Structure formats: structure tokens, C-alpha cells
Amino acid sequence: MVNRIRHITVDCRDPYLLAGFWRDALGFVDDPANPNQPGDPEAVIVDPKGLHPGVLFLPVPEPKSVKNRIHLDVVPDGPRDAEVTRLLGLGATLVKDHRKPDTGWAVLADPEGNEFCVELSMTERRGAVAPIDTGEREMVPDRTVGEREMLEAMLEWYRAGVVAKVEGLSHQVANTLPLRSSTSIAGLVNHLALVEDSWFTERFQGDPEPEAWASADWNADPDWEFHTAHERTVAELLAQYVESTDRSRAVAAAHALDDVAAGFDELRGPFTLRFILLHLIEETARHLGHMDILRELLDGTTGE
């Protein structure tokens with residue numbers, strides 16, 4: 001069982017006033033079903049995008065007297081120093097200044113003295129986290145080639161994008177779940193390797209599943225590849241993906257586009273190599289887009 005944080009609760013003297021400060025500081029909004037009013041017994045603000053837990057403010061009679069045991073670290077969308085200035089204008093106070101040009105943070109306190117830290121924005125961190133550089137490669141170098149060459153070139157472009165997006169990624173970032181989903185970058189790489197083997201080796205070629213998937217109990221866990229990806233290193237997952245795509249290329253090279261799979265989908269009937277190439281383009285592109293979003297959320301890295 002996994003618990004998810006619904007609210008971060010703050011004890012305070014005036015819930016309405018403090019909720020207003022943090023609403024403006026975080027870009028949150030009042031709960032649409034119960035907007036905050038002066039004199040309410042509590043106040044709550046929520047993330048309009050639904051990505052973060054809400055913040056609940058409860059009144060207590062005693063004032064704050066010691067340093068917070070728990071505090072927030074916030075990462076602004078824009079420059080850190082400009083955000084510090086903005087928050088001071090909203091009513092925050094500067095407690096300690098640990099800022100340096102390329103690192104550090106500012107410790108501020110909200111209007112009731114609760115400390116929090118303002119860190120560098122993701123854009124400012126990109127000196128340490130370089131954008132992914134895949135060169136000037138074209139999706140299809142010659143856009144007048146025949147159908148097969150075009151399909152294979154496009155699929156290879158997306159496959160190379162997966163490798164570029166994952167190379168050098170830390171285990172922590174690869175397995176972090178920043179959204180309300182069990183989807184991680186590591187899980188997506190594992191899933192794409194499974195998709196390659198499932199469609200080309202098993203369904204089309206009719207061969208037994210590769211050893212990588214032999215221990216999976218699909219009946220007990222249909223999403224096994226997502227839930228077990230954290231047990232392996234990023235390098236292992238990436239090597240497995242490359243091996244899977246190598247097997248897929250070998251299968252495809254031995255067949256024509258109109259060749260029909262040795263196996264078939266019991267619900268949808270037979271399918272050709274052409275269908276698999278089209279489906280793998282769609283599947284790989286879709287999940288590479290998911291990786292783009294996850295990487296930018298987690299460490300600020302961008303690039304195809």
C-alpha cells in the first residue's frame with residue numbers, strides 16, 4: 001500500500017491571511033467548492049493543475065516560537081532572485097541568504113514566521129544539466145524514399161530518441177514518480193523493450209518470449225514491466241532496450257511489408273509487418289513524449 005499526500009497542513013493564527021500569501025506565492029487557488037472567507041475555521045488552497053498536494057491552514061492559539069521541523073523548498077518558474085524580490089513584496093522576510101551566482105538558496109519566512117527556501121529555477125540549473133544534443137539528424141533524411149525506407153527511418157529516429165533521453169540518467173530520476181501515475185522513465189524504457197519483443201519476436205516471428213521476460217507473471221501483474229523497472233540499473237534497462245530493437249531489426253529484415261505474422265490477434269485477426277512498423281512508430285513516439293515531460297519536470301533537461 002502506498003500513501004499519497006493530500007494536504008500539507010500549517011498551524012497558524014490567521015488561516016485566511018496566510019492562505020492568501022501562499023496562494024499568491026505558489027500560484028494556487030482557493031478550493032472552488034469551498035472558497036476561503038475571513039473568519040472561516042480553516043482555509044485551503046489547491047494546485048489548479050492538480051500536480052501537487054493542497055495546503056491546509058488551521059488556527060491554533062499559540063504563536064510560532066521555534067524553527068520549523070518541516071519546511072517547503074520552492075523552485076520558481078523564473079529567475080530565483082527575481083522570485084525572492086517578489087515574495088518579499090508579498091510580505092515574506094529574509095531569514096538567511098545562501099545565494100551564489102550558480103548555486104545556493106534564500107531562506108525566507110512567511111508572514112507568520114514559517115521558514116521556506118527559494119532555490120534556483122530549472123532554467124538556471126541547466127548549466128549543470130545540459131540539454132540533450134542529438135545533432136542535426138533528420139527524421140527521414142530523404143523524404144522521397146519508398147514506403148519501407150520511410151517507415152523504418154522514422155522508427156529508427158524515435159528509437160534513437162529513447163536512447164538519447166535515457167543515457168546518463170541517474171537511478172533516482174529514472175524511477176521517480178512525479179505525477180499521479182505509476183509511470184516512470186525507467187518503466188517506460190522497460191515497457192518499450194517489451195513492446196519490441198512482443199510484436200516482432202513473439203507475435204510476428206512466432207518465437208518464444210526472450211529470456212528478459214521469462215520471470216514475469218503477467219496474470220498477477222499486467223503492468224509488471226513498470227512495477228519492476230526500479231530493480232535494475234538504468235544501464236541495464238538501456239542495454240535491454242538496445243538488444244530488443246536489434247532483435248526487431250533482424251526479424252523485419254527477413255520479411256516483406258505484406259508478410260503476415262506467424263501468430264495472430266485472437267480478437268482482431270491477422271496483421272502484417274507494415275502494421276507492426278506503423279504501430280511501433282506510434283508507440284515509441286508516444287512514450288518518448290512522456291519521457292520528454294518527465295525529464296523536464298524532474299531535472300529540467302530538454303531536447304529531442
# chains A, B, ... in the order shown; residues from 1 in each chain; ligands from 1
call {"tool": "residues_around", "arguments": {"residues": "Trp105 (chain A)", "least_positions_apart": "3", "cutoff": "6 Å", "atoms": "only C-alpha atoms", "output": "list in words"}}
result
His98, Arg99, Val118 and Glu119 of chain A
call {"tool": "residues_around", "arguments": {"residues": "Ser215 (chain A)", "least_positions_apart": "6", "cutoff": "12 Å", "atoms": "only C-alpha atoms", "output": "ChimeraX atom specification"}}
result
/A:209,221,224-225,228
call {"tool": "select_by_dssp", "arguments": {"residues": "region 62-209 of chain A", "states": "helix (DSSP H, G or I)", "output": "PyMOL selection string"}}
result
chain A and resi 80-90+122-125+147-166+171-175+185-204
call {"tool": "closest_atom_pairs", "arguments": {"of": "region 163-208 of chain A", "to": "region 285-288 of chain A", "cutoff": "12 Å", "atoms": "only C-alpha atoms", "output": "tab-separated table"}}
result
residue	atom	partner	partner_atom	distance
A:Val163	CA	A:Leu288	CA	9.8
A:Ala164	CA	A:Leu288	CA	10.2
A:Lys165	CA	A:Leu288	CA	8.1
A:Val166	CA	A:Leu288	CA	10.1
A:Thr183	CA	A:His287	CA	10.2
A:Ser184	CA	A:His287	CA	10.6
A:Ile185	CA	A:His287	CA	9.1
A:Ala186	CA	A:His287	CA	11.4
A:Gly187	CA	A:His287	CA	10.3
A:Leu188	CA	A:His287	CA	6.7
A:Val189	CA	A:His287	CA	8.6
A:Asn190	CA	A:His287	CA	11.1
A:His191	CA	A:His287	CA	9.2
A:Leu192	CA	A:His287	CA	8.0
A:Ala193	CA	A:His287	CA	11.7
A:Val195	CA	A:His287	CA	11.3
call {"tool": "select_by_dssp", "arguments": {"residues": "region 41-96 of chain A", "states": "strand (DSSP E)", "output": "number ranges by chain"}}
result
A: 43-46, 54-59, 72-74, 93-96
call {"tool": "write_last_selection", "arguments": {"atoms": "N, CA and C atoms", "output": "compact mmCIF listing (two decimals), in the first residue's frame"}}
result
# COMPACT_ATOMS: atom_id res chain seq x y z
N ALA A 43 -8.65 27.26 6.22
CA ALA A 43 -8.54 27.70 4.84
C ALA A 43 -7.71 26.67 4.09
N VAL A 44 -8.03 26.48 2.81
CA VAL A 44 -7.28 25.53 1.99
C VAL A 44 -7.06 26.13 0.62
N ILE A 45 -5.87 25.89 0.06
CA ILE A 45 -5.57 26.28 -1.31
C ILE A 45 -5.12 25.04 -2.06
N VAL A 46 -5.38 25.01 -3.37
CA VAL A 46 -5.10 23.82 -4.16
C VAL A 46 -4.36 24.21 -5.43
N GLY A 54 -2.62 19.94 -1.79
CA GLY A 54 -3.08 21.24 -1.33
C GLY A 54 -2.40 21.63 -0.03
N VAL A 55 -2.63 22.86 0.39
CA VAL A 55 -2.10 23.35 1.67
C VAL A 55 -3.29 23.77 2.53
N LEU A 56 -3.37 23.20 3.71
CA LEU A 56 -4.48 23.45 4.63
C LEU A 56 -3.96 24.27 5.81
N PHE A 57 -4.67 25.34 6.14
CA PHE A 57 -4.27 26.23 7.23
C PHE A 57 -5.27 26.10 8.37
N LEU A 58 -4.78 25.73 9.55
CA LEU A 58 -5.63 25.53 10.72
C LEU A 58 -5.25 26.51 11.83
N PRO A 59 -6.23 27.11 12.50
CA PRO A 59 -5.91 28.08 13.56
C PRO A 59 -5.48 27.37 14.85
N LEU A 72 9.08 24.05 3.29
CA LEU A 72 8.98 23.89 1.85
C LEU A 72 10.23 24.42 1.16
N ASP A 73 10.68 23.71 0.13
CA ASP A 73 11.68 24.21 -0.80
C ASP A 73 10.96 24.47 -2.11
N VAL A 74 10.96 25.71 -2.58
CA VAL A 74 10.22 26.05 -3.79
C VAL A 74 11.19 26.35 -4.93
N THR A 93 9.79 37.68 4.72
CA THR A 93 11.00 38.32 5.24
C THR A 93 12.20 37.42 4.96
N LEU A 94 13.36 38.03 4.77
CA LEU A 94 14.58 37.27 4.51
C LEU A 94 15.19 36.83 5.83
N VAL A 95 15.38 35.51 5.99
CA VAL A 95 15.94 34.96 7.22
C VAL A 95 17.44 34.74 7.07
N LYS A 96 17.84 34.02 6.01
CA LYS A 96 19.25 33.79 5.72
C LYS A 96 19.43 33.77 4.21
call {"tool": "residues_around", "arguments": {"residues": "Asp30 (chain A)", "least_positions_apart": "2", "cutoff": "12 Å", "atoms": "only C-alpha atoms", "output": "list in words"}}
result
Tyr16, Ala19, Gly20, Phe21, Trp22, Arg23, Asp24, Leu26, Gly27, Phe28, Pro32, Ala33, Asn34, Pro35, Asn36, Gln37, Glu42, Ala43, Val44, Ile45, Val46, Asp47, Pro48, Gly54, Val55, Leu56 and Phe57 of chain A
call {"tool": "write_last_selection", "arguments": {"atoms": "C-alpha atoms", "output": "PDB file, in the first residue's frame"}}
result
ATOM      1  CA  TYR A  16      -7.376  33.394   5.784  1.00  0.00           C
ATOM      2  CA  ALA A  19      -3.683  31.226   2.788  1.00  0.00           C
ATOM      3  CA  GLY A  20      -3.731  34.411   0.728  1.00  0.00           C
ATOM      4  CA  PHE A  21       0.053  34.785   0.960  1.00  0.00           C
ATOM      5  CA  TRP A  22       0.734  31.187  -0.067  1.00  0.00           C
ATOM      6  CA  ARG A  23      -1.923  31.279  -2.772  1.00  0.00           C
ATOM      7  CA  ASP A  24      -0.084  34.143  -4.444  1.00  0.00           C
ATOM      8  CA  LEU A  26       2.605  29.263  -5.248  1.00  0.00           C
ATOM      9  CA  GLY A  27       0.103  30.208  -7.926  1.00  0.00           C
ATOM     10  CA  PHE A  28      -2.528  28.078  -6.181  1.00  0.00           C
ATOM     11  CA  PRO A  32     -13.608  26.036  -5.993  1.00  0.00           C
ATOM     12  CA  ALA A  33     -16.104  24.041  -3.931  1.00  0.00           C
ATOM     13  CA  ASN A  34     -15.329  25.993  -0.745  1.00  0.00           C
ATOM     14  CA  PRO A  35     -13.674  29.401  -1.336  1.00  0.00           C
ATOM     15  CA  ASN A  36     -11.890  30.900   1.651  1.00  0.00           C
ATOM     16  CA  GLN A  37     -13.644  33.631   3.617  1.00  0.00           C
ATOM     17  CA  GLU A  42      -9.811  26.816   8.297  1.00  0.00           C
ATOM     18  CA  ALA A  43      -8.536  27.704   4.839  1.00  0.00           C
ATOM     19  CA  VAL A  44      -7.282  25.531   1.988  1.00  0.00           C
ATOM     20  CA  ILE A  45      -5.569  26.281  -1.313  1.00  0.00           C
ATOM     21  CA  VAL A  46      -5.097  23.819  -4.160  1.00  0.00           C
ATOM     22  CA  ASP A  47      -2.911  23.425  -7.223  1.00  0.00           C
ATOM     23  CA  PRO A  48      -5.085  24.285 -10.259  1.00  0.00           C
ATOM     24  CA  GLY A  54      -3.080  21.239  -1.328  1.00  0.00           C
ATOM     25  CA  VAL A  55      -2.096  23.351   1.665  1.00  0.00           C
ATOM     26  CA  LEU A  56      -4.476  23.446   4.633  1.00  0.00           C
ATOM     27  CA  PHE A  57      -4.267  26.230   7.230  1.00  0.00           C
TER      28      PHE A  57
END
call {"tool": "atom_distance", "arguments": {"atom1": "CA of Leu277 (chain A)", "atom2": "CA of Leu151 (chain A)"}}
result
6.6 Å
